[in-house]
$ cat entry35.txt   # compact mmCIF, C-alpha atoms
# COMPACT_ATOMS: atom_id res chain seq x y z
CA MET M 22 141.67 71.72 113.23
CA VAL M 23 139.09 72.38 110.56
CA ASN M 24 139.56 70.70 107.19
CA THR M 25 139.30 73.43 104.56
CA ALA M 26 139.73 71.21 101.48
CA PRO M 27 136.91 71.63 98.95
CA LEU M 28 134.23 68.98 99.12
CA PRO M 29 134.24 66.59 96.13
CA LEU M 30 130.67 67.37 95.16
CA ILE M 31 129.40 66.93 91.64
CA GLY M 32 126.77 69.48 90.65
CA ILE M 33 123.42 68.42 89.23
CA ASP M 34 124.36 69.91 85.86
CA ASP M 35 127.48 67.73 85.67
CA GLN M 36 125.46 64.64 86.48
CA VAL M 37 122.86 65.53 83.88
CA ALA M 38 125.50 66.19 81.21
CA SER M 39 127.36 62.98 81.95
CA GLY M 40 124.09 61.02 81.80
CA LEU M 41 123.33 62.43 78.37
CA ASP M 42 126.87 61.75 77.19
CA ALA M 43 126.55 58.14 78.27
CA ARG M 44 123.27 57.80 76.39
CA MET M 45 124.75 59.30 73.25
CA ALA M 46 127.78 57.01 73.47
CA ASP M 47 125.34 54.12 73.68
CA VAL M 48 123.57 55.44 70.60
CA GLN M 49 126.87 55.61 68.69
CA GLU M 50 127.61 52.03 69.63
CA PHE M 51 124.13 51.01 68.54
CA GLU M 52 124.67 52.67 65.15
CA THR M 53 127.66 50.40 64.53
CA PHE M 54 125.54 47.46 65.64
CA VAL M 55 122.80 48.37 63.14
CA ARG M 56 125.39 48.79 60.35
CA ASN M 57 126.70 45.29 61.05
CA TYR M 58 123.35 43.53 61.11
CA GLN M 59 121.06 45.57 58.88
CA ASN M 60 121.56 43.43 55.75
CA MET M 61 120.91 40.21 57.62
CA VAL M 62 117.73 41.49 59.30
CA PHE M 63 116.46 43.06 56.10
CA SER M 64 117.06 39.84 54.15
CA VAL M 65 115.14 37.74 56.65
CA ALA M 66 112.18 40.12 56.59
CA ALA M 67 112.23 40.64 52.80
CA ARG M 68 112.36 36.94 52.01
CA ILE M 69 109.47 36.16 54.34
CA VAL M 70 107.12 38.99 53.38
CA GLY M 71 108.27 39.12 49.73
CA ASN M 72 108.02 42.90 49.72
CA LEU M 73 110.94 45.29 50.19
CA VAL M 74 108.90 48.21 51.55
CA ASP M 75 107.25 46.12 54.27
CA ALA M 76 110.61 44.51 54.99
CA GLN M 77 112.09 47.92 55.71
CA ASP M 78 109.34 48.70 58.24
CA ILE M 79 109.81 45.31 59.89
CA SER M 80 113.60 45.78 60.05
CA GLN M 81 113.11 49.13 61.72
CA GLU M 82 110.82 47.54 64.29
CA VAL M 83 113.38 44.78 64.93
CA PHE M 84 116.13 47.30 65.64
CA ILE M 85 113.90 49.34 67.93
CA LYS M 86 113.27 46.15 69.92
CA ALA M 87 117.00 45.45 69.87
CA TYR M 88 117.70 48.92 71.25
CA GLU M 89 115.30 48.28 74.14
CA ARG M 90 117.46 45.30 75.11
CA PHE M 91 120.80 46.56 73.86
CA ASP M 92 122.52 46.27 77.25
CA GLU M 93 121.80 42.53 77.31
CA LEU M 94 122.41 41.97 73.60
CA LYS M 95 125.85 43.53 73.40
CA GLN M 96 127.10 41.07 75.99
CA SER M 97 125.34 38.12 74.43
CA GLY M 98 127.00 35.78 71.96
CA THR M 99 123.77 34.98 70.14
CA VAL M 100 122.82 38.41 68.84
CA GLY M 101 122.46 37.19 65.25
CA GLY M 102 120.12 34.39 66.27
CA TRP M 103 118.04 36.73 68.41
CA LEU M 104 117.71 39.24 65.57
CA LYS M 105 116.76 36.52 63.09
CA THR M 106 114.11 35.13 65.43
CA VAL M 107 112.58 38.53 66.11
CA ALA M 108 112.62 39.45 62.42
CA THR M 109 110.98 36.13 61.52
CA ASN M 110 108.26 36.50 64.14
CA LEU M 111 107.50 40.09 63.20
CA ALA M 112 107.41 39.23 59.49
CA ILE M 113 105.00 36.35 60.06
CA ASN M 114 102.83 38.52 62.30
CA HIS M 115 102.84 41.17 59.59
CA LEU M 116 101.62 38.66 57.00
CA ASN M 117 98.90 37.40 59.32
CA ARG M 118 97.73 40.89 60.15
CA TYR M 119 97.71 42.55 56.77
CA ARG M 120 97.09 39.93 54.14
CA SER M 121 93.62 38.56 53.64
CA ARG M 122 94.94 36.28 50.92
CA TRP M 123 97.13 34.52 53.43
CA ARG M 124 96.36 30.84 53.20
CA PHE M 125 98.54 29.20 55.81
CA PHE M 126 95.97 28.77 58.47
CA SER M 127 93.14 27.76 56.20
CA GLU M 128 94.93 24.50 55.35
CA GLU M 129 94.39 25.33 51.69
CA GLU M 130 95.02 22.18 49.68
CA ASN M 131 94.50 23.44 46.15
CA GLU M 132 97.42 24.17 43.90
CA VAL M 133 98.28 27.87 44.08
CA GLU M 134 98.68 29.79 40.85
CA ILE M 135 102.31 30.71 40.30
CA PRO M 136 103.13 34.06 38.76
CA THR M 137 105.83 33.55 36.16
CA VAL M 138 106.49 37.15 35.23
CA VAL M 139 109.89 37.84 36.74
CA PRO M 140 111.89 40.83 35.52
CA ALA M 141 114.67 39.76 33.19
CA THR M 142 118.15 39.91 34.67
CA ASP M 143 121.50 38.41 33.81
CA ASP M 144 122.55 37.86 37.39
CA ARG M 145 121.60 34.31 38.43
CA ARG M 146 121.47 35.11 42.12
CA GLU M 147 119.32 38.17 41.56
CA LEU M 148 117.03 36.06 39.42
CA LEU M 149 116.72 33.49 42.20
CA GLU M 150 116.03 36.23 44.73
CA LEU M 151 113.29 37.68 42.53
CA ALA M 152 111.84 34.22 41.96
CA ILE M 153 111.60 33.69 45.72
CA GLN M 154 109.80 37.01 46.08
CA LYS M 155 107.34 36.00 43.37
CA LEU M 156 106.37 32.75 45.08
CA PRO M 157 102.94 32.68 46.75
CA ASP M 158 103.10 33.34 50.50
CA ALA M 159 102.01 29.82 51.40
CA GLN M 160 104.99 28.37 49.56
CA ARG M 161 107.57 31.07 50.15
CA VAL M 162 107.39 31.31 53.94
CA PRO M 163 107.98 27.62 54.80
CA LEU M 164 110.64 27.43 52.10
CA VAL M 165 112.48 30.46 53.47
CA LEU M 166 112.23 29.20 57.05
CA PHE M 167 113.60 25.84 55.95
CA HIS M 168 116.43 26.99 53.72
CA PHE M 169 117.49 30.30 55.23
CA GLN M 170 116.63 29.97 58.92
CA ASP M 171 117.57 26.29 59.07
CA LEU M 172 114.38 25.41 60.93
CA SER M 173 113.21 21.81 60.95
CA TYR M 174 109.84 20.76 59.56
CA ASP M 175 108.54 20.39 63.11
CA GLU M 176 109.71 23.85 64.10
CA ILE M 177 108.14 25.39 60.99
CA ALA M 178 104.85 23.60 61.68
CA GLY M 179 104.90 24.93 65.25
CA GLN M 180 105.80 28.44 64.19
CA LEU M 181 103.10 28.65 61.52
CA GLY M 182 100.49 26.63 63.35
CA ILE M 183 100.00 24.15 60.52
CA SER M 184 100.39 20.41 60.16
CA LEU M 185 103.70 18.73 59.47
CA ALA M 186 102.34 17.23 56.27
CA LYS M 187 101.32 20.65 55.01
CA VAL M 188 104.78 22.04 55.74
CA LYS M 189 106.38 19.29 53.69
CA THR M 190 103.90 19.74 50.85
CA ASP M 191 104.31 23.52 50.81
CA ILE M 192 108.10 23.34 50.78
CA HIS M 193 108.01 20.76 48.02
CA ARG M 194 105.58 22.88 46.01
CA GLY M 195 107.68 25.96 46.66
CA ARG M 196 110.77 24.27 45.32
CA GLU M 197 108.86 23.05 42.29
CA SER M 198 107.47 26.52 41.68
CA LEU M 199 110.94 28.00 42.03
CA ARG M 200 112.30 25.48 39.57
CA LYS M 201 109.50 26.25 37.11
CA ILE M 202 110.06 29.99 37.39
CA LEU M 203 113.78 29.61 36.87
CA VAL M 204 113.31 27.31 33.90
CA LYS M 205 110.78 29.64 32.29
CA THR M 206 112.94 32.71 32.75
CA SER M 207 116.22 31.05 31.78
CA MET Q 6 120.79 28.50 32.43
CA ASN Q 7 120.46 24.72 32.53
CA GLU Q 8 117.40 23.16 34.05
CA PRO Q 9 118.09 23.29 37.74
CA ASN Q 10 117.79 20.05 39.64
CA GLN Q 11 117.16 19.88 43.38
CA ASP Q 12 120.86 19.75 44.35
CA TRP Q 13 121.57 22.76 42.26
CA LEU Q 14 118.67 24.58 43.88
CA ASP Q 15 119.85 23.65 47.38
CA GLN Q 16 123.34 24.89 46.67
CA GLU Q 17 122.12 28.09 45.09
CA LEU Q 18 119.79 28.82 47.99
CA LYS Q 19 122.61 28.17 50.48
CA ARG Q 20 125.00 30.41 48.60
CA LEU Q 21 122.52 33.23 48.21
CA PRO Q 22 124.03 36.29 49.94
CA ASP Q 23 122.13 38.69 52.17
CA LEU Q 24 120.15 41.41 50.43
CA GLU Q 25 121.47 44.91 50.79
CA ALA Q 26 119.40 47.00 53.18
CA PRO Q 27 118.06 50.25 51.69
CA PRO Q 28 120.23 53.27 52.53
CA GLU Q 29 117.37 55.04 54.35
CA LEU Q 30 116.97 52.22 56.89
CA LEU Q 31 119.90 53.24 59.09
CA PRO Q 32 118.98 56.96 59.35
CA GLU Q 33 115.35 56.10 60.12
CA VAL Q 34 116.33 53.62 62.82
CA MET Q 35 118.82 56.04 64.34
CA ARG Q 36 116.26 58.87 64.38
CA SER Q 37 113.87 56.71 66.41
CA VAL Q 38 116.67 55.49 68.63
CA ARG Q 39 117.92 59.02 69.40
CA ARG Q 40 114.38 60.08 70.30
CA ARG Q 41 114.07 57.09 72.63
CA ALA Q 42 117.49 57.74 74.13
CA ILE Q 43 116.50 61.31 75.00
CA GLN Q 44 113.17 60.11 76.44
CA ARG Q 45 115.00 57.56 78.59
CA TRP Q 46 117.46 60.18 79.73
CA LEU Q 47 114.64 62.56 80.71
CA MET Q 48 112.88 59.76 82.57
CA SER Q 49 116.07 58.89 84.41
CA ILE Q 50 116.54 62.53 85.43
CA CYS Q 51 112.94 62.67 86.68
CA ARG Q 52 113.49 59.45 88.61
CA GLN Q 53 116.79 60.70 90.07
CA HIS Q 54 115.38 64.03 91.17
CA LEU Q 55 111.93 62.82 92.12
CA PRO Q 56 112.03 64.33 95.66
CA ILE Q 57 113.02 67.76 94.28
CA ILE Q 58 110.27 67.66 91.66
CA ARG Q 59 107.72 66.48 94.22
CA ASN Q 60 108.67 69.17 96.70
CA ALA Q 61 108.64 71.87 94.01
CA GLY Q 62 105.16 70.74 92.90
CA LEU Q 63 103.91 70.76 96.45
CA GLY Q 64 105.37 74.25 97.01
CA LEU Q 65 103.76 75.55 93.85
CA ALA Q 66 100.39 74.09 94.87
CA LEU Q 67 100.66 75.72 98.30
CA ALA Q 68 101.62 79.05 96.73
CA LEU Q 69 98.55 78.84 94.47
CA VAL Q 70 96.30 78.10 97.44
CA VAL Q 71 97.71 81.12 99.29
CA LEU Q 72 97.41 83.38 96.26
CA PHE Q 73 93.89 82.23 95.36
CA PRO Q 74 91.95 84.79 97.48
CA PHE Q 75 94.14 87.64 96.22
CA VAL Q 76 93.92 86.77 92.54
CA ASN Q 77 90.20 85.80 92.52
CA PRO Q 78 90.09 83.81 89.28
CA GLY Q 79 86.28 84.10 88.97
CA ALA Q 80 86.51 87.88 88.74
CA ALA Q 81 89.40 87.63 86.29
CA VAL Q 82 87.36 85.37 83.96
CA SER Q 83 84.33 87.63 84.20
CA GLU Q 84 86.48 90.65 83.43
CA PHE Q 85 87.97 88.90 80.46
CA PHE Q 86 84.50 88.26 78.98
CA ASP Q 87 83.46 91.84 79.66
CA ARG Q 88 86.52 93.29 77.97
CA SER Q 89 86.53 91.02 74.93
CA PRO Q 90 84.75 92.82 72.01
CA LEU Q 91 83.79 89.50 70.42
CA PHE Q 92 81.99 88.22 73.53
CA HIS Q 93 80.43 91.63 74.02
CA PHE Q 94 79.04 91.52 70.46
CA LEU Q 95 77.74 87.97 71.03
CA PHE Q 96 75.95 89.02 74.23
CA VAL Q 97 74.34 91.95 72.43
CA MET Q 98 73.19 89.74 69.56
CA LEU Q 99 71.75 87.15 71.94
CA GLU Q 100 69.90 89.88 73.80
CA VAL Q 101 68.47 91.22 70.52
CA GLY Q 102 67.36 87.71 69.55
CA ARG Q 103 65.69 87.15 72.90
CA THR Q 104 63.84 90.47 72.69
CA VAL Q 105 62.62 89.74 69.14
CA LEU Q 106 61.41 86.26 70.06
CA THR Q 107 59.49 87.38 73.14
CA ASN Q 108 58.05 90.70 71.93
CA LEU Q 109 57.23 90.13 68.26
CA ARG Q 110 53.75 88.72 67.62
CA VAL Q 111 52.29 86.93 64.60
CA PHE Q 112 48.52 86.27 64.61
CA GLU Q 113 48.45 87.47 68.21
CA LEU Q 114 50.94 84.75 69.18
CA PRO Q 115 54.51 85.40 70.35
CA VAL Q 116 57.10 84.40 67.71
CA VAL Q 117 58.81 82.13 70.21
CA TRP Q 118 55.71 79.90 70.27
CA LEU Q 119 55.59 79.69 66.48
CA VAL Q 120 59.31 78.89 66.29
CA GLY Q 121 58.85 76.15 68.90
CA LEU Q 122 55.82 74.76 67.02
CA VAL Q 123 57.67 74.68 63.67
CA ALA Q 124 60.73 73.08 65.28
CA GLY Q 125 58.56 70.41 66.92
CA ILE Q 126 56.68 69.61 63.70
CA SER Q 127 59.99 69.41 61.76
CA TYR Q 128 61.43 67.05 64.33
CA LEU Q 129 58.37 64.78 64.22
CA THR Q 130 58.42 64.80 60.39
CA CYS Q 131 62.09 63.74 60.38
CA ILE Q 132 61.39 60.91 62.83
CA CYS Q 133 58.44 59.69 60.75
CA ALA Q 134 60.46 59.83 57.52
CA ALA Q 135 63.38 57.93 59.05
CA THR Q 136 61.05 55.26 60.48
CA THR Q 137 59.32 54.84 57.11
CA VAL Q 138 62.63 54.51 55.25
CA ARG Q 139 63.88 51.95 57.77
CA HIS Q 140 60.64 50.00 57.53
CA LEU Q 141 60.74 50.01 53.72
CA ALA Q 142 64.37 48.91 53.70
CA ALA Q 143 63.55 46.02 56.05
CA VAL Q 144 60.60 44.95 53.88
CA ARG Q 145 62.75 45.06 50.74
CA ARG Q 146 65.50 42.97 52.41
CA LEU Q 147 62.90 40.30 53.25

$ encode --input "entry35.txt" --output "structure tokens"
Amino acid sequence: MVNTAPLPLIGIDDQVASGLDARMADVQEFETFVRNYQNMVFSVAARIVGNLVDAQDISQEVFIKAYERFDELKQSGTVGGWLKTVATNLAINHLNRYRSRWRFFSEEENEVEIPTVVPATDDRRELLELAIQKLPDAQRVPLVLFHFQDLSYDEIAGQLGISLAKVKTDIHRGRESLRKILVKTS
Amino acid sequence: MNEPNQDWLDQELKRLPDLEAPPELLPEVMRSVRRRAIQRWLMSICRQHLPIIRNAGLGLALALVVLFPFVNPGAAVSEFFDRSPLFHFLFVMLEVGRTVLTNLRVFELPVVWLVGLVAGISYLTCICAATTVRHLAAVRRL
């Protein structure tokens, strides 16, 4: 007896279409992911580089890297930490690559001139945010890593390739500069 | 605002909320991601159907080899140059130039010799001038 039932074959076109659908569903899921984390990633980058335009480019790069590993990340419980780490590394690399005035690695010991011209605003938090952006790189980066990324002095020294003493001095100076800026603009 | 002390600063820094990402960040990221998704999908198709693609390529190559004697690409190229009015004009102009250079005589010498002589002298003059400038620049630097 010959079995005349149709063979359950899937055509190449069906396979191709379903593959594309799966990719697009992945993309939709990734869009939600970006919506959830974009402010956090952007804040990390903006506070480190002190420049919103560069921070946008860095954030974009972070999410592209996240997309490359999205299958792993969506099952991981430490997505936020991963994104923060990648954003921090990319922001520091960006500063090293593009800023000749970067002083971290020169072990600069002189007092850095602090710009005190901060746009006037009534919002205290906005004022603080602007003051952080106005800090010199050498003070802002360790301060941001310490206060916003909760890194220890040792970890900051390792990340920036500078001595522990310099990290402490820079953070102290950064806080003093921040205090001065806030007092002057209050 | 009162003068902020360190505790105040710590608290303020801790309480500072995330900055708002610019509205164009999401569309830009998604544009790149969609492009990558399509690239990945195309790559996966190629990988899935690699034997078909390989066999099709091999078949095409064989067909070209078989057709080669019939098509005769050398003749086709030559015909193309012959039929193109631009190339025809260029050939005519080159021929005219060659005839002028070989047949025209100045002071009983063919023009082609004079042109060669002038070109050679110009070249030597340029070399001498460049060497002199370089030498002078080096002397001035010292």

$ interface_residues --input "entry35.txt" --of "chain Q" --to "chain M" --cutoff "7 Å" --atoms "all atoms listed in the file" --output "short mmCIF file (atom, residue, chain, number, x, y, z; two decimals) with C-alpha atoms, in the coordinates of the input"
data_model
loop_
_atom_site.label_atom_id
_atom_site.label_comp_id
_atom_site.auth_asym_id
_atom_site.auth_seq_id
_atom_site.Cartn_x
_atom_site.Cartn_y
_atom_site.Cartn_z
CA MET Q 6 120.79 28.50 32.43
CA GLU Q 8 117.40 23.16 34.05
CA PRO Q 9 118.09 23.29 37.74
CA LEU Q 18 119.79 28.82 47.99
CA LEU Q 21 122.52 33.23 48.21
CA ASP Q 23 122.13 38.69 52.17
CA LEU Q 24 120.15 41.41 50.43
CA GLU Q 25 121.47 44.91 50.79
CA ALA Q 26 119.40 47.00 53.18
CA LEU Q 30 116.97 52.22 56.89
CA LEU Q 31 119.90 53.24 59.09
CA VAL Q 34 116.33 53.62 62.82
CA MET Q 35 118.82 56.04 64.34
CA VAL Q 38 116.67 55.49 68.63
CA ARG Q 39 117.92 59.02 69.40
CA ALA Q 42 117.49 57.74 74.13
CA TRP Q 46 117.46 60.18 79.73
#

$ atom_distance --input "entry35.txt" --atom1 "atom CA of Thr109 of chain M" --atom2 "atom CA of Val162 of chain M"
9.7 Å

$ atom_distance --input "entry35.txt" --atom1 "atom CA of Ala66 of chain Q" --atom2 "atom CA of Arg45 of chain Q"
27.4 Å

$ axis_aligned_box --input "entry35.txt" --around "segment 126-142 of chain Q" --padding-each-side "3 Å" --output "lines of an AutoDock Vina configuration file"
center_x = 60.5
center_y = 59.3
center_z = 59.0
size_x = 13.7
size_y = 26.7
size_z = 16.6

$ closest_residue --input "entry35.txt" --among "M:Asn57, M:Ala152, M:Gln180, M:Ala46" --to "Asn110 of chain M" --atoms "all atoms listed in the file"
M:Gln180

$ residues_around --input "entry35.txt" --residues "Leu119 of chain Q" --least-positions-apart "5" --cutoff "12 Å" --atoms "all atoms listed in the file" --output "list in words"
Leu106, Thr107, Leu109, Arg110, Val111, Phe112, Glu113, Leu114, Ala124, Gly125 and Ile126 of chain Q

$ atom_distance --input "entry35.txt" --atom1 "atom CA of Leu104 of chain M" --atom2 "atom CA of Pro157 of chain M"
24.8 Å

$ closest_residue --input "entry35.txt" --among "M:Leu172, M:Leu111, M:Leu164, M:Leu151" --to "Ile202 of chain M" --atoms "all atoms listed in the file"
M:Leu151

$ residues_around --input "entry35.txt" --residues "Trp103 of chain M" --least-positions-apart "4" --cutoff "10 Å" --atoms "only C-alpha atoms" --output "ChimeraX atom specification"
/M:83,87,94,97-99,107-109

$ write_last_selection --input "entry35.txt" --atoms "C-alpha atoms" --output "short mmCIF file (atom, residue, chain, number, x, y, z; two decimals), keeping the file's coordinate frame"
data_model
loop_
_atom_site.label_atom_id
_atom_site.label_comp_id
_atom_site.auth_asym_id
_atom_site.auth_seq_id
_atom_site.Cartn_x
_atom_site.Cartn_y
_atom_site.Cartn_z
CA VAL M 83 113.38 44.78 64.93
CA ALA M 87 117.00 45.45 69.87
CA LEU M 94 122.41 41.97 73.60
CA SER M 97 125.34 38.12 74.43
CA GLY M 98 127.00 35.78 71.96
CA THR M 99 123.77 34.98 70.14
CA VAL M 107 112.58 38.53 66.11
CA ALA M 108 112.62 39.45 62.42
CA THR M 109 110.98 36.13 61.52
#

$ build_atoms --input "entry35.txt" --residues "segment 187-207 of chain M" --atoms "N, CA and C atoms" --output "PDB file, keeping the file's coordinate frame"
ATOM      1  N   LYS M 187     101.510  19.446  55.848  1.00  0.00           N
ATOM      2  CA  LYS M 187     101.320  20.650  55.010  1.00  0.00           C
ATOM      3  C   LYS M 187     102.644  21.383  54.823  1.00  0.00           C
ATOM      4  N   VAL M 188     103.460  21.393  55.871  1.00  0.00           N
ATOM      5  CA  VAL M 188     104.780  22.040  55.740  1.00  0.00           C
ATOM      6  C   VAL M 188     105.569  21.358  54.634  1.00  0.00           C
ATOM      7  N   LYS M 189     105.597  20.036  54.687  1.00  0.00           N
ATOM      8  CA  LYS M 189     106.380  19.290  53.690  1.00  0.00           C
ATOM      9  C   LYS M 189     105.851  19.544  52.288  1.00  0.00           C
ATOM     10  N   THR M 190     104.510  19.518  52.169  1.00  0.00           N
ATOM     11  CA  THR M 190     103.900  19.740  50.850  1.00  0.00           C
ATOM     12  C   THR M 190     104.220  21.134  50.334  1.00  0.00           C
ATOM     13  N   ASP M 191     104.082  22.126  51.233  1.00  0.00           N
ATOM     14  CA  ASP M 191     104.310  23.520  50.810  1.00  0.00           C
ATOM     15  C   ASP M 191     105.761  23.746  50.394  1.00  0.00           C
ATOM     16  N   ILE M 192     106.686  23.160  51.147  1.00  0.00           N
ATOM     17  CA  ILE M 192     108.100  23.340  50.780  1.00  0.00           C
ATOM     18  C   ILE M 192     108.377  22.650  49.446  1.00  0.00           C
ATOM     19  N   HIS M 193     107.821  21.478  49.282  1.00  0.00           N
ATOM     20  CA  HIS M 193     108.010  20.760  48.020  1.00  0.00           C
ATOM     21  C   HIS M 193     107.433  21.565  46.853  1.00  0.00           C
ATOM     22  N   ARG M 194     106.219  22.072  47.064  1.00  0.00           N
ATOM     23  CA  ARG M 194     105.580  22.880  46.010  1.00  0.00           C
ATOM     24  C   ARG M 194     106.377  24.150  45.739  1.00  0.00           C
ATOM     25  N   GLY M 195     106.881  24.743  46.813  1.00  0.00           N
ATOM     26  CA  GLY M 195     107.680  25.960  46.660  1.00  0.00           C
ATOM     27  C   GLY M 195     108.911  25.710  45.824  1.00  0.00           C
ATOM     28  N   ARG M 196     109.560  24.600  46.091  1.00  0.00           N
ATOM     29  CA  ARG M 196     110.770  24.270  45.320  1.00  0.00           C
ATOM     30  C   ARG M 196     110.415  24.007  43.866  1.00  0.00           C
ATOM     31  N   GLU M 197     109.292  23.326  43.675  1.00  0.00           N
ATOM     32  CA  GLU M 197     108.860  23.050  42.290  1.00  0.00           C
ATOM     33  C   GLU M 197     108.544  24.353  41.564  1.00  0.00           C
ATOM     34  N   SER M 198     107.829  25.232  42.282  1.00  0.00           N
ATOM     35  CA  SER M 198     107.470  26.520  41.680  1.00  0.00           C
ATOM     36  C   SER M 198     108.724  27.310  41.328  1.00  0.00           C
ATOM     37  N   LEU M 199     109.685  27.287  42.253  1.00  0.00           N
ATOM     38  CA  LEU M 199     110.940  28.000  42.030  1.00  0.00           C
ATOM     39  C   LEU M 199     111.654  27.440  40.802  1.00  0.00           C
ATOM     40  N   ARG M 200     111.652  26.145  40.710  1.00  0.00           N
ATOM     41  CA  ARG M 200     112.300  25.480  39.570  1.00  0.00           C
ATOM     42  C   ARG M 200     111.620  25.895  38.270  1.00  0.00           C
ATOM     43  N   LYS M 201     110.254  25.888  38.322  1.00  0.00           N
ATOM     44  CA  LYS M 201     109.500  26.250  37.110  1.00  0.00           C
ATOM     45  C   LYS M 201     109.810  27.697  36.683  1.00  0.00           C
ATOM     46  N   ILE M 202     109.800  28.577  37.704  1.00  0.00           N
ATOM     47  CA  ILE M 202     110.060  29.990  37.390  1.00  0.00           C
ATOM     48  C   ILE M 202     111.449  30.140  36.782  1.00  0.00           C
ATOM     49  N   LEU M 203     112.408  29.464  37.366  1.00  0.00           N
ATOM     50  CA  LEU M 203     113.780  29.610  36.870  1.00  0.00           C
ATOM     51  C   LEU M 203     113.935  29.027  35.468  1.00  0.00           C
ATOM     52  N   VAL M 204     113.233  27.919  35.244  1.00  0.00           N
ATOM     53  CA  VAL M 204     113.310  27.310  33.900  1.00  0.00           C
ATOM     54  C   VAL M 204     112.669  28.237  32.872  1.00  0.00           C
ATOM     55  N   LYS M 205     111.502  28.789  33.228  1.00  0.00           N
ATOM     56  CA  LYS M 205     110.780  29.640  32.290  1.00  0.00           C
ATOM     57  C   LYS M 205     111.545  30.917  31.982  1.00  0.00           C
ATOM     58  N   THR M 206     112.260  31.425  32.969  1.00  0.00           N
ATOM     59  CA  THR M 206     112.940  32.710  32.750  1.00  0.00           C
ATOM     60  C   THR M 206     114.381  32.507  32.278  1.00  0.00           C
ATOM     61  N   SER M 207     114.825  31.267  32.200  1.00  0.00           N
ATOM     62  CA  SER M 207     116.220  31.050  31.780  1.00  0.00           C
ATOM     63  C   SER M 207     116.327  31.170  30.259  1.00  0.00           C
TER      64      SER M 207
END
